[in-house]
Amino acid sequence: MQVRLLPLADVTADEGRAWQNLAADAVAPNMCLDPRQLLAARRLGERVADLRLLVVTEDARWLGVLALTTKRVMPRVPVEALTTGGDYMTLESDRHHPLVRRGRAVEVLDALLRGAPAVGLPGLVLLRRFPLEGPLADALAEVVRRRRLPVVERCRETGAWAPREALTVLDVPDPVDGAIVDPPLSTAHLRPGDAQKIRRVVRGIRRETGEPIALHLDSARPDADDRFIELQSAGWKGDTDRGGAAVGLDPRREQWFRDAARAFRRDGDLAVLRLAAGPHTLWTGYLARSGGGWFGMLDAYDERFRRFSPGSVGRIAAMTYLLGTTDAPFVDPGFGSHYAVGARLWPAARTQVDLLLPAGGLAAHALVRAVPLARRLGLAG
């Protein structure tokens, strides 16, 4: 195995194909590190200028990749670290964990850590938003055990999650003219009050519009991206005074979104789902498939129907449709527990942690060991 450091701007077409092959076979899929998403981000100019890829290869085959930058991560300690928490990843990516080839996770994670100092990176590592459970966490725990590495948990967050086994998968009827009228909604996992609210919302929309709700499958619609950008910009996300960050507010972010959507669409891995009542669009969601699972990219709703919580109905309809019509093992909406209302819609949750650990060197080991014991994470067993 070889370890190399590759600027995002320098990735070639052949390397992009090898990277995508890795993304399709990752032990823990991550759309945020899928090349169709991340290579499109080169449109963002200086916001990704410091973003580099730490890559593990075997001949021309990619076995692992981590997107990183370097900066100081410990207050009052003038030492830089390799971190997944640069500007781009912090603001635009909900998942930071590396892509690691299925069946090779332990050796590849070990190579990533061992190889970092050898290519000129700091010996101190901050892995942000790393899954606390699952095969990738198990692999890191084995690396930590073998190398007797100290590990510190900086913080943790619980994110919404919809694994197939956590909910009742419903039969989804075939669409008629590109739409499913009265689409099935998986609500058995919800608390009784929340499930009743969803049913009331559906009835309220029908009373208000005189039309039943329908789920439109707009993935191949030529003007889908234009319509979504217009919808998103028309709501609070299009108002910077209200904290909005619609892609239509920044030409570079808009082009990034269009390029990423085009790349996933080209491979049949984009789902553009629009909830409507007659001529009224209520909500539109963009989801992309990577490594077999579905990930939320962006969504928006029409604020004229805000009192009906169309986003809640749209997200449940999308989850039900995608798990009912594909073999995907999960839908990952890409938001955390701080979205309190939205997080309650999903049948499960998973915890992500920020981990500080040494890649190599006595100084990095000493720094991590100096952190109070109360903040140590028991990965080493």
# chains A, B, ... in the order shown; residues from 1 in each chain; ligands from 1
$ residues_around --residues "Lys197 of chain A" --least-positions-apart "4" --cutoff "12 Å" --atoms "only C-alpha atoms" --output "PyMOL selection string"
chain A and resi 187+190-193+201-204+307-310+312-313+345
$ closest_atom_pairs --of "segment 170-200 of chain A" --to "segment 322-331 of chain A" --cutoff "6 Å" --atoms "only C-alpha atoms" --output "JSON lines"
{"residue": "A:Leu170", "atom": "CA", "partner": "A:Gly324", "partner_atom": "CA", "distance": 5.8}
{"residue": "A:Asp171", "atom": "CA", "partner": "A:Gly324", "partner_atom": "CA", "distance": 5.9}
{"residue": "A:Val172", "atom": "CA", "partner": "A:Gly324", "partner_atom": "CA", "distance": 5.8}
$ residues_around --residues "Leu6 of chain A" --least-positions-apart "3" --cutoff "9 Å" --atoms "only C-alpha atoms" --output "compact mmCIF listing (two decimals) with N, CA and C atoms, in the first residue's frame"
# COMPACT_ATOMS: atom_id res chain seq x y z
N ALA A 9 -7.61 20.02 -6.09
CA ALA A 9 -7.58 20.63 -7.43
C ALA A 9 -6.83 19.78 -8.44
N ASP A 10 -5.99 18.85 -7.97
CA ASP A 10 -5.12 18.10 -8.88
C ASP A 10 -5.66 16.72 -9.24
N VAL A 11 -6.84 16.36 -8.76
CA VAL A 11 -7.37 15.03 -9.04
C VAL A 11 -7.66 14.88 -10.53
N ARG A 52 -7.22 19.01 1.04
CA ARG A 52 -6.39 18.00 0.41
C ARG A 52 -6.91 16.61 0.74
N LEU A 53 -6.48 15.64 -0.03
CA LEU A 53 -6.90 14.26 0.15
C LEU A 53 -5.71 13.42 0.59
N LEU A 54 -5.88 12.70 1.69
CA LEU A 54 -4.90 11.71 2.10
C LEU A 54 -5.40 10.37 1.56
N VAL A 55 -4.66 9.79 0.64
CA VAL A 55 -5.15 8.65 -0.13
C VAL A 55 -4.26 7.43 0.12
$ closest_atom_pairs --of "segment 267-362 of chain A" --to "segment 214-232 of chain A" --cutoff "8 Å" --atoms "only C-alpha atoms" --output "CSV"
residue,atom,partner,partner_atom,distance
A:Leu270,CA,A:Ser219,CA,6.4
A:Ala271,CA,A:Ser219,CA,5.3
A:Val272,CA,A:Ser219,CA,4.4
A:Leu273,CA,A:Leu217,CA,5.1
A:Arg274,CA,A:His216,CA,4.9
A:Leu275,CA,A:Leu215,CA,4.7
A:Ala276,CA,A:Ala214,CA,5.4
A:Ala277,CA,A:Ala214,CA,6.2
A:Gly278,CA,A:Ala214,CA,7.8
A:Thr284,CA,A:Phe228,CA,6.8
A:Asp299,CA,A:Gln232,CA,7.7
A:Ala300,CA,A:Gln232,CA,5.3
A:Tyr301,CA,A:Leu231,CA,7.0
A:Asp302,CA,A:Leu231,CA,6.7
A:Ala317,CA,A:Leu215,CA,7.5
$ write_last_selection --atoms "all heavy atoms" --output "short mmCIF file (atom, residue, chain, number, x, y, z; two decimals), in the first residue's frame"
data_model
loop_
_atom_site.label_atom_id
_atom_site.label_comp_id
_atom_site.auth_asym_id
_atom_site.auth_seq_id
_atom_site.Cartn_x
_atom_site.Cartn_y
_atom_site.Cartn_z
N LEU A 270 -29.58 10.02 -8.43
CA LEU A 270 -30.21 11.23 -7.89
C LEU A 270 -31.72 11.02 -7.82
O LEU A 270 -32.33 10.55 -8.78
CB LEU A 270 -29.91 12.44 -8.76
CG LEU A 270 -30.47 13.78 -8.25
CD1 LEU A 270 -29.69 14.25 -7.02
CD2 LEU A 270 -30.43 14.85 -9.33
N ALA A 271 -32.30 11.37 -6.68
CA ALA A 271 -33.75 11.36 -6.53
C ALA A 271 -34.21 12.78 -6.24
O ALA A 271 -33.82 13.37 -5.22
CB ALA A 271 -34.18 10.43 -5.40
N VAL A 272 -34.99 13.35 -7.15
CA VAL A 272 -35.61 14.65 -6.93
C VAL A 272 -37.09 14.37 -6.71
O VAL A 272 -37.81 13.96 -7.63
CB VAL A 272 -35.41 15.59 -8.13
CG1 VAL A 272 -36.07 16.94 -7.85
CG2 VAL A 272 -33.93 15.76 -8.43
N LEU A 273 -37.54 14.55 -5.49
CA LEU A 273 -38.91 14.21 -5.10
C LEU A 273 -39.64 15.47 -4.70
O LEU A 273 -39.16 16.24 -3.86
CB LEU A 273 -38.89 13.20 -3.94
CG LEU A 273 -38.10 11.91 -4.24
CD1 LEU A 273 -38.04 11.03 -3.01
CD2 LEU A 273 -38.73 11.15 -5.40
N ARG A 274 -40.79 15.68 -5.31
CA ARG A 274 -41.55 16.90 -5.10
C ARG A 274 -42.94 16.55 -4.57
O ARG A 274 -43.70 15.81 -5.20
CB ARG A 274 -41.66 17.70 -6.40
CG ARG A 274 -42.46 18.99 -6.29
CD ARG A 274 -42.29 19.85 -7.54
NE ARG A 274 -42.66 19.12 -8.75
CZ ARG A 274 -43.90 19.15 -9.28
NH1 ARG A 274 -44.86 19.85 -8.71
NH2 ARG A 274 -44.15 18.46 -10.38
N LEU A 275 -43.27 17.09 -3.41
CA LEU A 275 -44.59 16.91 -2.83
C LEU A 275 -45.47 18.06 -3.29
O LEU A 275 -45.09 19.24 -3.14
CB LEU A 275 -44.50 16.87 -1.31
CG LEU A 275 -45.73 16.35 -0.56
CD1 LEU A 275 -45.83 14.84 -0.73
CD2 LEU A 275 -45.63 16.71 0.92
N ALA A 276 -46.62 17.74 -3.86
CA ALA A 276 -47.50 18.79 -4.40
C ALA A 276 -48.94 18.45 -4.12
O ALA A 276 -49.30 17.30 -3.86
CB ALA A 276 -47.27 18.95 -5.90
N ALA A 277 -49.77 19.48 -4.17
CA ALA A 277 -51.23 19.32 -4.12
C ALA A 277 -51.77 20.05 -5.34
O ALA A 277 -51.78 21.28 -5.37
CB ALA A 277 -51.80 19.90 -2.83
N GLY A 278 -52.15 19.28 -6.35
CA GLY A 278 -52.55 19.90 -7.60
C GLY A 278 -51.41 20.72 -8.16
O GLY A 278 -50.28 20.24 -8.28
N THR A 284 -39.77 20.16 -1.95
CA THR A 284 -38.93 19.43 -2.88
C THR A 284 -37.66 19.00 -2.16
O THR A 284 -37.05 19.80 -1.44
CB THR A 284 -38.56 20.28 -4.11
OG1 THR A 284 -39.74 20.66 -4.81
CG2 THR A 284 -37.67 19.49 -5.06
N ASP A 299 -33.17 20.36 0.70
CA ASP A 299 -34.61 20.39 0.49
C ASP A 299 -35.15 21.78 0.82
O ASP A 299 -34.45 22.61 1.41
CB ASP A 299 -35.35 19.29 1.26
CG ASP A 299 -35.31 19.48 2.78
OD1 ASP A 299 -34.69 20.43 3.28
OD2 ASP A 299 -35.93 18.66 3.49
N ALA A 300 -36.37 22.05 0.40
CA ALA A 300 -37.00 23.35 0.62
C ALA A 300 -38.50 23.17 0.54
O ALA A 300 -39.01 22.24 -0.10
CB ALA A 300 -36.53 24.37 -0.42
N TYR A 301 -39.23 24.08 1.20
CA TYR A 301 -40.69 24.03 1.16
C TYR A 301 -41.24 25.41 0.83
O TYR A 301 -40.55 26.43 0.95
CB TYR A 301 -41.27 23.52 2.48
CG TYR A 301 -41.01 24.43 3.67
CD1 TYR A 301 -41.91 25.45 4.00
CD2 TYR A 301 -39.88 24.26 4.47
CE1 TYR A 301 -41.68 26.29 5.08
CE2 TYR A 301 -39.63 25.09 5.55
CZ TYR A 301 -40.54 26.10 5.85
OH TYR A 301 -40.30 26.93 6.91
N ASP A 302 -42.49 25.43 0.40
CA ASP A 302 -43.18 26.69 0.09
C ASP A 302 -43.73 27.26 1.39
O ASP A 302 -44.59 26.65 2.04
CB ASP A 302 -44.32 26.42 -0.91
CG ASP A 302 -44.93 27.72 -1.44
OD1 ASP A 302 -44.94 28.73 -0.70
OD2 ASP A 302 -45.41 27.71 -2.58
N ALA A 317 -42.45 10.98 3.20
CA ALA A 317 -42.81 10.41 1.90
C ALA A 317 -41.57 9.97 1.14
O ALA A 317 -41.55 8.90 0.50
CB ALA A 317 -43.60 11.43 1.08
#
$ select_by_dssp --residues "segment 75-152 of chain A" --states "alpha helix (DSSP H)" --output "ChimeraX atom specification"
/A:87-92,105-118,135-147
$ closest_residue --among "A:Gly210, A:Pro184, A:Gly248, A:Gly268" --to "Arg315 of chain A" --atoms "only C-alpha atoms"
A:Pro184
$ residues_around --residues "segment 251-262 of chain A" --least-positions-apart "3" --cutoff "8 Å" --atoms "only C-alpha atoms" --output "short mmCIF file (atom, residue, chain, number, x, y, z; two decimals) with N, CA, C and O atoms, in the first residue's frame"
data_model
loop_
_atom_site.label_atom_id
_atom_site.label_comp_id
_atom_site.auth_asym_id
_atom_site.auth_seq_id
_atom_site.Cartn_x
_atom_site.Cartn_y
_atom_site.Cartn_z
N ARG A 36 -18.35 12.73 -6.75
CA ARG A 36 -19.35 13.49 -7.50
C ARG A 36 -19.79 14.72 -6.72
O ARG A 36 -20.17 15.74 -7.32
N GLN A 37 -19.71 14.65 -5.40
CA GLN A 37 -20.03 15.79 -4.55
C GLN A 37 -18.81 16.68 -4.33
O GLN A 37 -18.87 17.90 -4.43
N ALA A 40 -17.08 18.44 -7.49
CA ALA A 40 -17.89 19.58 -7.91
C ALA A 40 -17.61 20.80 -7.06
O ALA A 40 -17.75 21.94 -7.51
N ALA A 41 -17.19 20.58 -5.79
CA ALA A 41 -16.92 21.69 -4.88
C ALA A 41 -15.72 22.52 -5.28
O ALA A 41 -15.49 23.60 -4.74
N ARG A 42 -14.94 22.06 -6.25
CA ARG A 42 -13.83 22.87 -6.73
C ARG A 42 -14.33 24.18 -7.31
O ARG A 42 -13.55 25.13 -7.46
N ARG A 43 -15.62 24.25 -7.63
CA ARG A 43 -16.23 25.50 -8.08
C ARG A 43 -16.14 26.60 -7.02
O ARG A 43 -16.29 27.78 -7.33
N LEU A 44 -15.94 26.21 -5.76
CA LEU A 44 -16.01 27.17 -4.65
C LEU A 44 -14.73 27.96 -4.45
O LEU A 44 -14.65 28.78 -3.53
N ASP A 225 -33.79 21.47 -11.50
CA ASP A 225 -32.84 22.25 -10.71
C ASP A 225 -33.23 23.72 -10.66
O ASP A 225 -33.15 24.37 -9.61
N VAL A 247 -28.64 28.23 -2.12
CA VAL A 247 -27.56 28.15 -3.11
C VAL A 247 -27.68 29.25 -4.16
O VAL A 247 -26.68 29.67 -4.74
N GLY A 248 -28.90 29.75 -4.38
CA GLY A 248 -29.10 30.79 -5.38
C GLY A 248 -28.53 32.14 -4.99
O GLY A 248 -28.43 33.04 -5.83
N ARG A 265 -27.09 12.46 -11.16
CA ARG A 265 -28.17 12.17 -12.11
C ARG A 265 -27.65 11.33 -13.28
O ARG A 265 -28.32 10.40 -13.72
N ARG A 266 -26.47 11.64 -13.74
CA ARG A 266 -25.87 10.91 -14.86
C ARG A 266 -25.76 9.42 -14.55
O ARG A 266 -25.95 8.56 -15.43
N LEU A 270 -29.58 10.02 -8.43
CA LEU A 270 -30.21 11.23 -7.89
C LEU A 270 -31.72 11.02 -7.82
O LEU A 270 -32.33 10.55 -8.78
#
$ closest_residue --among "A:Leu8, A:Ala60, A:Val73, A:Leu112" --to "Pro35 of chain A" --atoms "only C-alpha atoms"
A:Leu8
